$ cat my_file.txt   # compact mmCIF, C-alpha atoms and all ligand atoms
# COMPACT_ATOMS: atom_id res chain seq x y z
CA MET A 144 -0.71 -18.89 18.74
CA MET A 145 -2.67 -15.97 20.18
CA THR A 146 -1.55 -15.53 23.78
CA GLY A 147 1.33 -13.06 23.47
CA ASN A 148 3.40 -15.44 25.61
CA LEU A 149 6.32 -16.75 23.63
CA ILE A 150 9.81 -18.15 24.10
CA ILE A 151 12.22 -17.94 21.17
CA LYS A 152 15.38 -19.88 21.89
CA ASN A 153 18.63 -21.19 20.40
CA ALA A 154 18.95 -18.25 17.98
CA SER A 155 22.33 -18.30 16.24
CA GLU A 156 22.42 -14.54 16.83
CA LEU A 157 20.10 -12.59 19.09
CA VAL A 158 20.60 -9.12 17.63
CA THR A 159 19.25 -7.03 20.50
CA CYS A 160 20.03 -3.54 19.13
CA SER A 161 19.87 -2.74 22.84
CA GLY A 162 19.15 0.91 23.64
CA PHE A 163 16.42 3.37 24.50
CA SER A 164 17.37 6.32 22.31
CA ALA A 165 18.84 7.00 18.86
CA LYS A 166 22.38 5.72 18.28
CA LYS A 167 24.73 8.31 16.87
CA GLY A 168 27.91 8.05 14.84
CA MET A 169 30.02 5.07 15.85
CA GLU A 170 27.35 3.81 18.27
CA MET A 171 25.40 2.75 15.19
CA SER A 172 27.79 -0.20 14.81
CA GLU A 173 26.86 -1.64 18.20
CA LEU A 174 24.23 -4.32 17.78
CA GLY A 175 24.44 -5.97 21.21
CA ILE A 176 24.60 -9.47 19.72
CA ILE A 177 24.16 -12.52 21.95
CA ALA A 178 25.28 -15.84 20.48
CA ASP A 179 22.87 -18.76 21.07
CA GLY A 180 20.29 -16.31 22.37
CA ALA A 181 16.76 -16.42 23.69
CA VAL A 182 14.03 -13.87 24.13
CA VAL A 183 10.93 -14.30 26.27
CA ILE A 184 7.74 -12.35 25.68
CA GLU A 185 5.10 -12.26 28.39
CA GLN A 186 1.68 -10.80 27.63
CA GLY A 187 3.10 -8.98 24.64
CA LYS A 188 6.16 -7.52 26.37
CA ILE A 189 9.75 -8.69 26.47
CA SER A 190 10.61 -10.06 29.91
CA HIS A 191 14.01 -11.67 29.25
CA ALA A 192 16.71 -11.48 26.58
CA GLY A 193 20.04 -13.27 26.92
CA GLY A 194 21.89 -16.51 26.32
CA THR A 195 19.52 -19.47 25.92
CA ALA A 196 20.96 -21.45 28.83
CA ALA A 197 20.87 -18.47 31.19
CA VAL A 198 17.35 -17.40 30.20
CA MET A 199 15.93 -20.93 30.51
CA ALA A 200 17.63 -21.37 33.91
CA GLU A 201 16.19 -18.06 35.08
CA LEU A 202 12.69 -19.07 33.98
CA LYS A 203 13.07 -22.32 35.87
CA ARG A 204 14.42 -20.58 38.96
CA SER A 205 11.54 -18.12 39.01
CA GLY A 206 9.10 -21.03 39.20
CA ARG A 207 6.93 -19.56 36.44
CA ASP A 208 4.14 -21.64 34.97
CA LEU A 209 5.41 -22.16 31.43
CA SER A 210 2.23 -23.81 30.15
CA PRO A 211 0.82 -20.63 28.53
CA PHE A 212 4.03 -20.16 26.55
CA GLU A 213 4.53 -21.20 22.94
CA THR A 214 8.13 -22.00 22.01
CA ILE A 215 9.95 -21.36 18.75
CA ASP A 216 13.29 -23.04 18.16
CA ALA A 217 15.36 -20.51 16.18
CA ALA A 218 18.45 -22.69 15.75
CA GLY A 219 20.48 -21.52 12.75
CA LYS A 220 18.48 -18.30 12.51
CA ALA A 221 19.13 -14.69 13.45
CA VAL A 222 16.52 -12.97 15.64
CA LEU A 223 16.11 -9.19 15.57
CA PRO A 224 13.67 -6.48 16.67
CA GLY A 225 10.82 -5.94 14.19
CA PHE A 226 11.70 -3.38 11.55
CA VAL A 227 10.24 0.10 11.83
CA ASP A 228 9.38 1.83 8.55
CA SER A 229 9.37 5.42 9.80
CA HIS A 230 8.38 7.24 6.60
CA THR A 231 5.56 6.18 4.26
CA HIS A 232 2.51 7.61 2.52
CA LEU A 233 0.55 4.38 2.65
CA VAL A 234 -3.08 5.56 2.45
CA PHE A 235 -3.95 6.79 -1.02
CA GLY A 236 -6.35 6.24 -3.89
CA GLY A 237 -5.48 5.33 -7.48
CA ASP A 238 -2.01 4.77 -8.87
CA ARG A 239 0.54 6.66 -10.98
CA ALA A 240 1.74 3.82 -13.25
CA GLU A 241 1.22 5.98 -16.35
CA GLU A 242 3.16 8.86 -14.79
CA TYR A 243 5.99 6.45 -14.09
CA SER A 244 6.24 5.72 -17.82
CA TRP A 245 6.44 9.49 -18.47
CA ARG A 246 9.28 9.72 -15.98
CA LEU A 247 11.06 6.88 -17.74
CA LYS A 248 10.88 8.92 -20.94
CA GLY A 249 12.61 11.82 -19.20
CA GLU A 250 9.89 14.00 -17.64
CA SER A 251 10.86 15.25 -14.20
CA TYR A 252 8.97 14.48 -10.99
CA MET A 253 8.56 18.18 -10.16
CA GLY A 254 7.66 19.03 -13.77
CA ILE A 255 4.74 16.58 -13.63
CA LEU A 256 3.61 18.12 -10.32
CA GLN A 257 3.88 21.68 -11.71
CA ARG A 258 1.41 20.83 -14.48
CA GLY A 259 -1.17 19.37 -12.12
CA GLY A 260 -0.10 15.72 -12.00
CA GLY A 261 2.04 13.92 -9.44
CA ILE A 262 0.83 14.42 -5.87
CA LEU A 263 -2.13 16.44 -7.21
CA SER A 264 -3.27 13.49 -9.30
CA THR A 265 -3.23 11.26 -6.20
CA VAL A 266 -5.15 14.00 -4.34
CA ARG A 267 -7.97 13.73 -6.90
CA ALA A 268 -8.04 9.91 -6.62
CA THR A 269 -7.91 9.96 -2.80
CA ARG A 270 -10.75 12.49 -2.57
CA ARG A 271 -12.86 10.17 -4.76
CA ALA A 272 -12.01 7.00 -2.83
CA SER A 273 -14.37 5.78 -0.11
CA ARG A 274 -13.15 4.97 3.39
CA GLU A 275 -13.79 1.30 2.69
CA GLU A 276 -11.66 1.38 -0.47
CA LEU A 277 -8.82 3.15 1.31
CA THR A 278 -9.02 0.73 4.22
CA ALA A 279 -9.05 -2.33 1.94
CA SER A 280 -6.01 -1.17 -0.04
CA GLY A 281 -4.33 -0.16 3.24
CA VAL A 282 -4.76 -3.69 4.66
CA LYS A 283 -3.16 -5.20 1.53
CA ARG A 284 -0.22 -2.81 1.80
CA LEU A 285 0.25 -3.58 5.49
CA ASP A 286 0.20 -7.31 4.69
CA SER A 287 2.99 -6.74 2.20
CA MET A 288 5.00 -4.72 4.72
CA LEU A 289 4.59 -7.47 7.32
CA PHE A 290 6.12 -9.91 4.85
CA PHE A 291 9.24 -7.70 4.87
CA GLY A 292 9.42 -7.81 8.68
CA VAL A 293 7.92 -4.40 9.42
CA THR A 294 6.05 -4.32 12.74
CA THR A 295 5.49 -0.54 13.02
CA VAL A 296 4.97 1.86 10.12
CA GLU A 297 4.46 5.58 9.93
CA GLY A 298 1.78 6.84 7.55
CA LYS A 299 1.21 10.38 6.34
CA SER A 300 -1.91 12.19 5.23
CA GLY A 301 -1.36 14.77 2.49
CA TYR A 302 -3.45 13.42 -0.36
CA GLY A 303 -6.50 15.44 0.61
CA LEU A 304 -5.32 19.03 0.95
CA ASP A 305 -8.81 19.77 2.24
CA ARG A 306 -10.24 19.24 5.72
CA GLU A 307 -12.49 16.33 4.85
CA THR A 308 -10.00 14.16 2.98
CA GLU A 309 -7.04 14.84 5.28
CA ILE A 310 -9.20 13.73 8.21
CA LYS A 311 -10.50 10.77 6.18
CA GLN A 312 -6.94 9.55 5.57
CA LEU A 313 -6.08 9.81 9.27
CA GLU A 314 -9.32 8.06 10.29
CA VAL A 315 -8.49 5.24 7.86
CA MET A 316 -5.13 4.85 9.63
CA ALA A 317 -6.99 4.57 12.96
CA GLU A 318 -9.22 1.90 11.39
CA LEU A 319 -6.15 0.05 10.08
CA ASN A 320 -4.82 0.01 13.62
CA ARG A 321 -8.01 -1.71 14.75
CA ARG A 322 -7.99 -4.22 11.87
CA HIS A 323 -4.35 -5.15 11.38
CA PRO A 324 -1.59 -6.27 13.75
CA LEU A 325 1.00 -3.98 12.18
CA GLU A 326 0.96 -0.67 14.06
CA VAL A 327 0.45 2.55 12.10
CA VAL A 328 1.81 5.82 13.53
CA PRO A 329 -0.13 8.68 11.92
CA THR A 330 1.40 11.94 10.68
CA PHE A 331 -0.55 14.96 9.48
CA MET A 332 0.93 16.24 6.22
CA GLY A 333 -1.65 18.69 4.91
CA ALA A 334 1.30 20.78 3.70
CA HIS A 335 2.29 18.21 1.07
CA ALA A 336 1.56 20.22 -2.09
CA VAL A 337 -0.05 23.47 -3.19
CA LEU A 338 -3.40 23.32 -4.98
CA PRO A 339 -3.67 25.51 -8.12
CA GLU A 340 -6.12 27.85 -6.33
CA TYR A 341 -3.49 28.53 -3.64
CA LYS A 342 -0.54 29.01 -6.03
CA GLY A 343 1.26 32.17 -4.89
CA ARG A 344 -0.97 32.25 -1.77
CA GLU A 345 0.73 29.44 0.12
CA ASP A 346 0.47 31.40 3.36
CA ASP A 347 -3.30 31.54 2.99
CA TYR A 348 -3.34 27.76 2.64
CA LEU A 349 -1.25 27.40 5.80
CA ASP A 350 -3.66 29.79 7.59
CA PHE A 351 -6.49 27.47 6.55
CA LEU A 352 -4.64 24.36 7.79
CA LEU A 353 -3.78 26.03 11.09
CA ALA A 354 -7.29 27.36 11.67
CA GLU A 355 -9.42 24.52 10.42
CA VAL A 356 -7.51 21.25 10.31
CA VAL A 357 -4.61 21.18 12.82
CA PRO A 358 -6.83 21.89 15.88
CA GLU A 359 -9.19 19.01 15.01
CA VAL A 360 -6.31 16.64 14.23
CA ALA A 361 -4.65 17.50 17.54
CA THR A 362 -7.70 17.48 19.81
CA ARG A 363 -9.01 14.20 18.38
CA GLY A 364 -5.54 12.64 18.61
CA LEU A 365 -5.67 11.72 14.92
CA ALA A 366 -1.94 12.31 14.38
CA GLU A 367 1.21 12.36 16.43
CA PHE A 368 3.44 14.28 14.02
CA CYS A 369 3.17 17.17 11.58
CA ASP A 370 5.25 16.99 8.40
CA VAL A 371 5.78 19.50 5.58
CA PHE A 372 7.23 19.33 2.05
CA CYS A 373 9.85 22.06 2.53
CA GLU A 374 10.89 22.46 -1.10
CA GLN A 375 11.33 24.98 -3.90
CA ASN A 376 7.92 25.75 -5.45
CA VAL A 377 6.14 24.03 -2.56
CA PHE A 378 6.64 25.44 1.00
CA SER A 379 9.54 27.75 1.82
CA VAL A 380 11.72 27.49 4.91
CA ALA A 381 9.86 30.43 6.49
CA GLN A 382 6.48 28.86 5.74
CA SER A 383 7.61 25.46 7.05
CA ARG A 384 8.92 27.11 10.22
CA ARG A 385 5.60 28.86 10.81
CA LEU A 386 3.52 25.73 10.25
CA LEU A 387 5.65 23.44 12.38
CA THR A 388 6.02 25.95 15.23
CA LYS A 389 2.25 26.41 15.42
CA ALA A 390 1.62 22.67 15.08
CA MET A 391 4.03 22.06 17.98
CA GLU A 392 1.96 24.46 20.11
CA SER A 393 -1.01 22.15 19.39
CA GLY A 394 1.00 19.13 20.53
CA LEU A 395 2.05 17.68 17.14
CA LYS A 396 5.73 16.76 16.89
CA PRO A 397 7.67 18.16 13.92
CA LYS A 398 9.09 16.30 10.92
CA LEU A 399 10.22 17.61 7.54
CA HIS A 400 10.71 16.48 3.96
CA ALA A 401 13.96 18.41 3.70
CA ASP A 402 16.36 19.22 0.84
CA GLU A 403 14.91 16.44 -1.32
CA ILE A 404 15.03 18.07 -4.76
CA VAL A 405 17.07 21.25 -4.15
CA ARG A 406 19.17 22.60 -1.28
CA LEU A 407 16.73 24.91 0.46
CA GLY A 408 17.88 24.79 4.08
CA GLY A 409 15.46 22.21 5.46
CA ALA A 410 18.22 20.47 7.42
CA GLU A 411 19.14 23.75 9.14
CA LEU A 412 15.47 24.39 9.96
CA ALA A 413 15.11 20.89 11.40
CA ALA A 414 18.03 21.57 13.74
CA GLU A 415 16.72 25.02 14.68
CA ILE A 416 13.26 23.83 15.73
CA GLY A 417 14.43 20.50 17.18
CA ALA A 418 12.48 18.32 14.74
CA VAL A 419 12.18 14.64 15.68
CA SER A 420 13.46 13.78 12.20
CA ALA A 421 14.34 15.38 8.88
CA ASP A 422 13.87 13.09 5.92
CA HIS A 423 15.33 12.68 2.39
CA LEU A 424 18.28 15.17 2.71
CA LEU A 425 19.66 14.32 -0.75
CA HIS A 426 20.97 17.85 -1.19
CA ALA A 427 21.47 18.92 2.44
CA SER A 428 24.54 21.06 3.19
CA ASP A 429 27.45 19.97 5.40
CA GLU A 430 26.52 22.69 7.91
CA GLY A 431 22.87 21.61 7.96
CA LEU A 432 23.79 17.97 8.55
CA ARG A 433 26.27 18.90 11.29
CA ALA A 434 23.66 21.10 12.95
CA MET A 435 21.16 18.23 12.85
CA ALA A 436 23.70 15.86 14.42
CA ALA A 437 24.41 18.38 17.20
CA ALA A 438 20.69 18.96 17.82
CA GLY A 439 19.92 15.21 17.92
CA VAL A 440 17.59 15.27 14.90
CA VAL A 441 17.33 11.81 13.31
CA ALA A 442 18.27 11.85 9.60
CA THR A 443 15.82 9.53 7.87
CA LEU A 444 17.24 8.41 4.55
CA LEU A 445 15.12 6.96 1.78
CA PRO A 446 17.44 5.32 -0.75
CA THR A 447 14.68 3.70 -2.82
CA THR A 448 13.30 7.18 -3.56
CA ALA A 449 16.68 8.40 -4.84
CA PHE A 450 16.87 5.18 -6.88
CA SER A 451 13.37 5.62 -8.30
CA LEU A 452 13.93 9.31 -9.13
CA ARG A 453 17.42 8.65 -10.50
CA GLU A 454 18.73 11.28 -8.08
CA PRO A 455 22.03 11.15 -6.18
CA TYR A 456 21.84 9.30 -2.87
CA ALA A 457 21.82 11.15 0.45
CA ARG A 458 25.26 11.20 2.09
CA GLY A 459 24.64 8.66 4.81
CA ARG A 460 28.34 7.93 5.37
CA PHE A 461 29.07 11.63 5.92
CA MET A 462 26.17 11.96 8.36
CA ILE A 463 27.28 9.03 10.51
CA ASP A 464 30.92 10.14 10.40
CA ALA A 465 29.72 13.59 11.53
CA GLY A 466 28.21 11.94 14.62
CA GLY A 467 24.64 11.91 13.37
CA ALA A 468 21.86 9.36 13.94
CA VAL A 469 20.62 7.83 10.68
CA ALA A 470 17.38 5.91 10.13
CA LEU A 471 16.33 4.16 6.91
CA ALA A 472 12.78 3.96 5.57
CA THR A 473 10.94 3.14 2.33
CA ASP A 474 8.94 6.35 1.64
CA PHE A 475 6.34 4.01 0.13
CA ASN A 476 4.04 6.23 -1.98
CA PRO A 477 2.40 6.07 -5.42
CA GLY A 478 4.75 8.56 -7.09
CA SER A 479 8.38 9.08 -6.15
CA CYS A 480 8.81 5.57 -4.70
CA PHE A 481 6.21 2.85 -5.23
CA SER A 482 8.05 0.29 -3.14
CA GLU A 483 7.65 -1.04 0.38
CA SER A 484 10.73 -3.24 -0.01
CA ILE A 485 12.97 -3.24 3.06
CA PRO A 486 15.57 -5.51 1.36
CA LEU A 487 15.93 -3.03 -1.49
CA VAL A 488 16.39 -0.18 1.02
CA ALA A 489 19.08 -2.19 2.79
CA ALA A 490 20.88 -3.12 -0.43
CA LEU A 491 20.98 0.45 -1.74
CA ALA A 492 22.08 1.83 1.64
CA ALA A 493 24.99 -0.61 1.60
CA LEU A 494 26.04 -0.14 -2.01
CA TYR A 495 25.37 3.55 -2.59
CA MET A 496 25.44 5.16 0.85
CA SER A 497 28.34 3.06 2.16
CA LEU A 498 26.54 2.07 5.34
CA THR A 499 27.79 -1.12 6.98
CA PRO A 500 25.40 -4.05 7.64
CA GLU A 501 25.51 -3.14 11.36
CA GLU A 502 24.58 0.49 10.69
CA ILE A 503 21.77 -0.65 8.38
CA VAL A 504 20.26 -2.83 11.10
CA THR A 505 20.46 0.03 13.62
CA ALA A 506 18.90 2.38 11.06
CA LEU A 507 15.93 0.02 10.52
CA THR A 508 15.30 -0.67 14.20
CA ILE A 509 16.24 1.51 17.18
CA ASN A 510 17.00 4.64 15.11
CA ALA A 511 13.81 4.28 13.10
CA ALA A 512 11.95 3.89 16.40
CA ALA A 513 13.64 7.12 17.56
CA ALA A 514 12.48 8.81 14.35
CA LEU A 515 8.96 8.05 15.61
CA ASP A 516 9.78 9.11 19.18
CA ARG A 517 9.23 5.51 20.29
CA ALA A 518 12.75 4.37 21.14
CA ALA A 519 11.63 3.67 24.71
CA LEU A 520 8.92 1.28 23.50
CA ILE A 521 10.14 -0.54 20.38
CA GLY A 522 13.23 -0.94 18.16
CA SER A 523 15.27 -3.25 20.40
CA LEU A 524 15.00 -6.54 22.28
CA ASP A 525 15.28 -4.99 25.74
CA PRO A 526 13.13 -6.24 28.62
CA GLY A 527 10.14 -3.94 29.08
CA LYS A 528 9.74 -3.24 25.38
CA GLN A 529 6.98 -4.49 23.13
CA GLY A 530 7.51 -8.06 21.90
CA ASP A 531 8.00 -7.19 18.22
CA VAL A 532 10.47 -9.61 16.66
CA VAL A 533 11.64 -10.92 13.29
CA ILE A 534 13.26 -14.30 12.74
CA LEU A 535 15.40 -14.59 9.61
CA GLU A 536 15.82 -17.74 7.59
CA ASN A 537 19.58 -17.15 7.75
CA PRO A 538 22.03 -17.36 10.65
CA SER A 539 23.17 -13.74 10.51
CA TYR A 540 21.85 -10.18 10.16
CA ARG A 541 24.53 -9.79 7.48
CA PHE A 542 22.16 -11.47 5.01
CA ILE A 543 19.81 -8.46 5.14
CA PRO A 544 21.81 -6.23 2.74
CA TYR A 545 23.65 -9.19 1.19
CA HIS A 546 20.61 -11.00 -0.26
CA LEU A 547 19.94 -8.32 -2.85
CA GLY A 548 16.32 -7.26 -3.02
CA VAL A 549 15.11 -10.53 -1.44
CA SER A 550 13.49 -10.75 1.96
CA THR A 551 15.36 -12.86 4.49
CA VAL A 552 12.47 -12.71 6.97
CA GLU A 553 10.93 -16.05 7.89
CA LYS A 554 8.66 -15.20 10.82
CA VAL A 555 7.25 -12.00 12.25
CA ILE A 556 6.00 -11.63 15.81
CA LYS A 557 3.93 -8.66 16.95
CA LYS A 558 3.41 -8.19 20.70
CA GLY A 559 4.33 -11.82 21.23
CA VAL A 560 1.94 -13.19 18.58
CA LEU A 561 3.14 -14.91 15.41
CA VAL A 562 1.58 -12.84 12.61
CA PHE A 563 3.57 -13.99 9.59
CA ASP A 564 5.27 -17.26 8.75
CA LYS A 565 6.81 -17.66 5.31
CA PHE A 566 6.48 -21.44 5.44
CA ARG A 567 2.87 -21.63 6.56
CA LYS A 568 1.32 -19.55 3.81
CA GLY A 569 -2.23 -18.40 4.33
CA GLU A 570 -2.33 -19.52 7.93
CA CYS A 571 -1.05 -16.58 9.85
CA ARG A 572 -1.09 -13.69 7.40
CA CYS A 573 -3.82 -11.21 8.11
O1 LIG A 601 8.50 11.74 0.01
N1 LIG A 601 8.14 14.66 -1.77
C1 LIG A 601 7.03 14.60 -1.35
N2 LIG A 601 6.37 13.53 -0.98
C2 LIG A 601 6.66 12.20 -1.31
C3 LIG A 601 6.14 11.80 -2.62
C4 LIG A 601 4.68 11.76 -2.68
C5 LIG A 601 4.14 11.45 -4.02
O2 LIG A 601 4.82 11.60 -5.06
O3 LIG A 601 2.95 11.06 -4.06
C6 LIG A 601 8.15 11.89 -1.13
O4 LIG A 601 8.91 11.79 -2.09
FE FE A 602 7.82 11.11 1.68

$ encode --input "my_file.txt" --output "structure tokens"
Amino acid sequence: MMTGNLIIKNASELVTCSGFSAKKGMEMSELGIIADGAVVIEQGKISHAGGTAAVMAELKRSGRDLSPFETIDAAGKAVLPGFVDSHTHLVFGGDRAEEYSWRLKGESYMGILQRGGGILSTVRATRRASREELTASGVKRLDSMLFFGVTTVEGKSGYGLDRETEIKQLEVMAELNRRHPLEVVPTFMGAHAVLPEYKGREDDYLDFLLAEVVPEVATRGLAEFCDVFCEQNVFSVAQSRRLLTKAMESGLKPKLHADEIVRLGGAELAAEIGAVSADHLLHASDEGLRAMAAAGVVATLLPTTAFSLREPYARGRFMIDAGGAVALATDFNPGSCFSESIPLVAALAALYMSLTPEEIVTALTINAAAALDRAALIGSLDPGKQGDVVILENPSYRFIPYHLGVSTVEKVIKKGVLVFDKFRKGECRC
């Protein structure tokens, strides 16, 4: 099936998530469900979504030649937009399995970083890794994400902290986009950690990034966003403001790792500069979260990171009740969260953030698309959008958080092409 022309019909629930911008507060409960639904994808784009009888009658009435179309009968299955994982660090060398065992014995994540491990250890491994090695491991990771129903993923640089390796990471993401059906949205995160030689001279490091890396990243179109680890002992609020403001002048859209380990004021900064998203927010203040909601900044929550760090969960319920737009993502990376599991994200969001199944679906689809400034293109089953779809093996979206830690995804369709099928192993996986 390679044409990008596809009819999916008889779905027990067509969960459209209909919308073209982030859903806030109570809107997050609206999934736009159509019982016995159908979706038609023509040349990679959705042309119809509605009740099966009505859609099939409309196709007939229009006199279209249906011979190029494949058909999938989704009886007894829920059909949703492909999931969007809007926060990952997926291109890196090496692993931190040994560090994980230190953390299990009680060492802190930031303590390991302070003595040259953590992110800095992955920086050393990523500098050593060849493009081919990074691409090969990237393909494997994308395959695994596809299995969980992810059709678009964000990926950050930040394991180079020098010009060459930061650019290498972003070029590998471009190569992954050529080689793999899952789409990678690249983010420049040169301000991910401070090298020992820049300790106490963080502003000099930012000067270097702004003079020698950001212009190349922007002019070559290697990244769409600029992110910063706004954190105690990493980059201050003032430094993050300076970097992101300058990066915006170069055309990169702002994102932040905000209030992850301590309450520094990252949420407030995100609202002030109009960031597209602020992520983590474990320790964000009430005022910061309210300001973000008012400014329309998407709050991207990463429950598997809180789980893996044994930190308290971000206050998702409070954010939605305050009228905010919440997205959920995995934060897949070798250190704080070595997991690309969407089902685990969904389960933890339900159990420990008190999000409802409806809010979780919104947070993994249209709101995650908004966190990547792509809500007009993906994240819902609206005509005109890209034909990115998941078919569950169960009749309802409610199984997503309910089946704890287990993927309910049976088929994945990217731009109208079947790219993963759980029951035809080896055939369609890339
Ligand atoms: O989102 N906090 C900073 N960055 C990542 C972790 C990266 C790493 O540990 O390699 C995060 O938690
Ligand atoms: Fe992260």

$ atom_distance --input "my_file.txt" --atom1 "CA of Leu277 (chain A)" --atom2 "CA of Ala513 (chain A)"
28.0 Å

$ residues_around --input "my_file.txt" --residues "Ile177 (chain A)" --least-positions-apart "2" --cutoff "9 Å" --atoms "only C-alpha atoms" --output "PyMOL selection string"
chain A and resi 154-159+175+179-181+192-194

$ write_last_selection --input "my_file.txt" --atoms "C-alpha atoms" --output "CSV table (one decimal), in the frame of the given file"
chain,number,residue,atom,x,y,z
A,154,ALA,CA,19.0,-18.2,18.0
A,155,SER,CA,22.3,-18.3,16.2
A,156,GLU,CA,22.4,-14.5,16.8
A,157,LEU,CA,20.1,-12.6,19.1
A,158,VAL,CA,20.6,-9.1,17.6
A,159,THR,CA,19.2,-7.0,20.5
A,175,GLY,CA,24.4,-6.0,21.2
A,179,ASP,CA,22.9,-18.8,21.1
A,180,GLY,CA,20.3,-16.3,22.4
A,181,ALA,CA,16.8,-16.4,23.7
A,192,ALA,CA,16.7,-11.5,26.6
A,193,GLY,CA,20.0,-13.3,26.9
A,194,GLY,CA,21.9,-16.5,26.3

$ closest_atom_pairs --input "my_file.txt" --of "chain A" --to "ligand LIG 601 (chain A)" --cutoff "6 Å" --atoms "all atoms listed in the file" --output "JSON lines"
{"residue": "A:Gly261", "atom": "CA", "partner": "A:LIG601", "partner_atom": "O2", "distance": 5.7}
{"residue": "A:Ile262", "atom": "CA", "partner": "A:LIG601", "partner_atom": "O3", "distance": 4.4}
{"residue": "A:Phe372", "atom": "CA", "partner": "A:LIG601", "partner_atom": "C1", "distance": 5.8}
{"residue": "A:Asp474", "atom": "CA", "partner": "A:LIG601", "partner_atom": "O1", "distance": 5.6}
{"residue": "A:Asn476", "atom": "CA", "partner": "A:LIG601", "partner_atom": "O3", "distance": 5.4}
{"residue": "A:Pro477", "atom": "CA", "partner": "A:LIG601", "partner_atom": "O3", "distance": 5.2}
{"residue": "A:Gly478", "atom": "CA", "partner": "A:LIG601", "partner_atom": "O2", "distance": 3.7}
{"residue": "A:Ser479", "atom": "CA", "partner": "A:LIG601", "partner_atom": "O2", "distance": 4.5}

$ residues_near_ligand --input "my_file.txt" --ligand "ligand FE 602 (chain A)" --cutoff "8 Å" --atoms "all atoms listed in the file" --output "PyMOL selection string"
chain A and resi 230-232+400+422-423+474-476

$ closest_residue --input "my_file.txt" --among "A:Phe235, A:Tyr348, A:Phe378, A:Phe450" --to "Arg306 (chain A)" --atoms "only C-alpha atoms"
A:Tyr348

$ closest_residue --input "my_file.txt" --among "A:Val182, A:Val328, A:Ala200, A:Leu247" --to "Val296 (chain A)" --atoms "all atoms listed in the file"
A:Val328

$ residues_around --input "my_file.txt" --residues "Phe461 (chain A)" --least-positions-apart "5" --cutoff "12 Å" --atoms "only C-alpha atoms" --output "list in words"
Gly168, Met169, Leu424, Leu425, Ala427, Ser428, Asp429, Glu430, Gly431, Leu432, Arg433, Ala436, Ala442, Tyr456, Gly466, Gly467, Ala468, Val469, Met496, Ser497 and Leu498 of chain A

$ closest_residue --input "my_file.txt" --among "A:Glu297, A:His426, A:Tyr495, A:Met199" --to "Arg460 (chain A)" --atoms "only C-alpha atoms"
A:Tyr495

$ atom_distance --input "my_file.txt" --atom1 "CA of Val488 (chain A)" --atom2 "CA of Thr294 (chain A)"
16.2 Å

$ residues_around --input "my_file.txt" --residues "region 389-391 of chain A" --least-positions-apart "6" --cutoff "7 Å" --atoms "all atoms listed in the file" --output "JSON list (two decimals) with C-alpha atoms, in the frame of the given file"
[["chain", "number", "residue", "atom", "x", "y", "z"],
["A", 357, "VAL", "CA", -4.61, 21.18, 12.82],
["A", 369, "CYS", "CA", 3.17, 17.17, 11.58],
["A", 397, "PRO", "CA", 7.67, 18.16, 13.92]]

$ residues_around --input "my_file.txt" --residues "Leu561 (chain A)" --least-positions-apart "3" --cutoff "12 Å" --atoms "all atoms listed in the file" --output "VMD selection string"
chain A and resid 144 to 151 184 187 213 to 215 225 289 292 294 324 to 325 530 to 534 553 to 558 564 to 565 567 570 to 573

$ write_last_selection --input "my_file.txt" --atoms "C-alpha atoms" --output "tab-separated table (two decimals), in the coordinates of the input"
chain	number	residue	atom	x	y	z
A	144	MET	CA	-0.71	-18.89	18.74
A	145	MET	CA	-2.67	-15.97	20.18
A	146	THR	CA	-1.55	-15.53	23.78
A	147	GLY	CA	1.33	-13.06	23.47
A	148	ASN	CA	3.40	-15.44	25.61
A	149	LEU	CA	6.32	-16.75	23.63
A	150	ILE	CA	9.81	-18.15	24.10
A	151	ILE	CA	12.22	-17.94	21.17
A	184	ILE	CA	7.74	-12.35	25.68
A	187	GLY	CA	3.10	-8.98	24.64
A	213	GLU	CA	4.53	-21.20	22.94
A	214	THR	CA	8.13	-22.00	22.01
A	215	ILE	CA	9.95	-21.36	18.75
A	225	GLY	CA	10.82	-5.94	14.19
A	289	LEU	CA	4.59	-7.47	7.32
A	292	GLY	CA	9.42	-7.81	8.68
A	294	THR	CA	6.05	-4.32	12.74
A	324	PRO	CA	-1.59	-6.27	13.75
A	325	LEU	CA	1.00	-3.98	12.18
A	530	GLY	CA	7.51	-8.06	21.90
A	531	ASP	CA	8.00	-7.19	18.22
A	532	VAL	CA	10.47	-9.61	16.66
A	533	VAL	CA	11.64	-10.92	13.29
A	534	ILE	CA	13.26	-14.30	12.74
A	553	GLU	CA	10.93	-16.05	7.89
A	554	LYS	CA	8.66	-15.20	10.82
A	555	VAL	CA	7.25	-12.00	12.25
A	556	ILE	CA	6.00	-11.63	15.81
A	557	LYS	CA	3.93	-8.66	16.95
A	558	LYS	CA	3.41	-8.19	20.70
A	564	ASP	CA	5.27	-17.26	8.75
A	565	LYS	CA	6.81	-17.66	5.31
A	567	ARG	CA	2.87	-21.63	6.56
A	570	GLU	CA	-2.33	-19.52	7.93
A	571	CYS	CA	-1.05	-16.58	9.85
A	572	ARG	CA	-1.09	-13.69	7.40
A	573	CYS	CA	-3.82	-11.21	8.11

$ closest_residue --input "my_file.txt" --among "A:Val549, A:Ala317, A:Leu524, A:Ile463" --to "Met171 (chain A)" --atoms "all atoms listed in the file"
A:Ile463

$ closest_residue --input "my_file.txt" --among "A:Ala519, A:Ile543, A:Leu535, A:Leu412" --to "Lys220 (chain A)" --atoms "only C-alpha atoms"
A:Leu535

$ atom_distance --input "my_file.txt" --atom1 "CA of Pro486 (chain A)" --atom2 "CA of Ser550 (chain A)"
5.7 Å
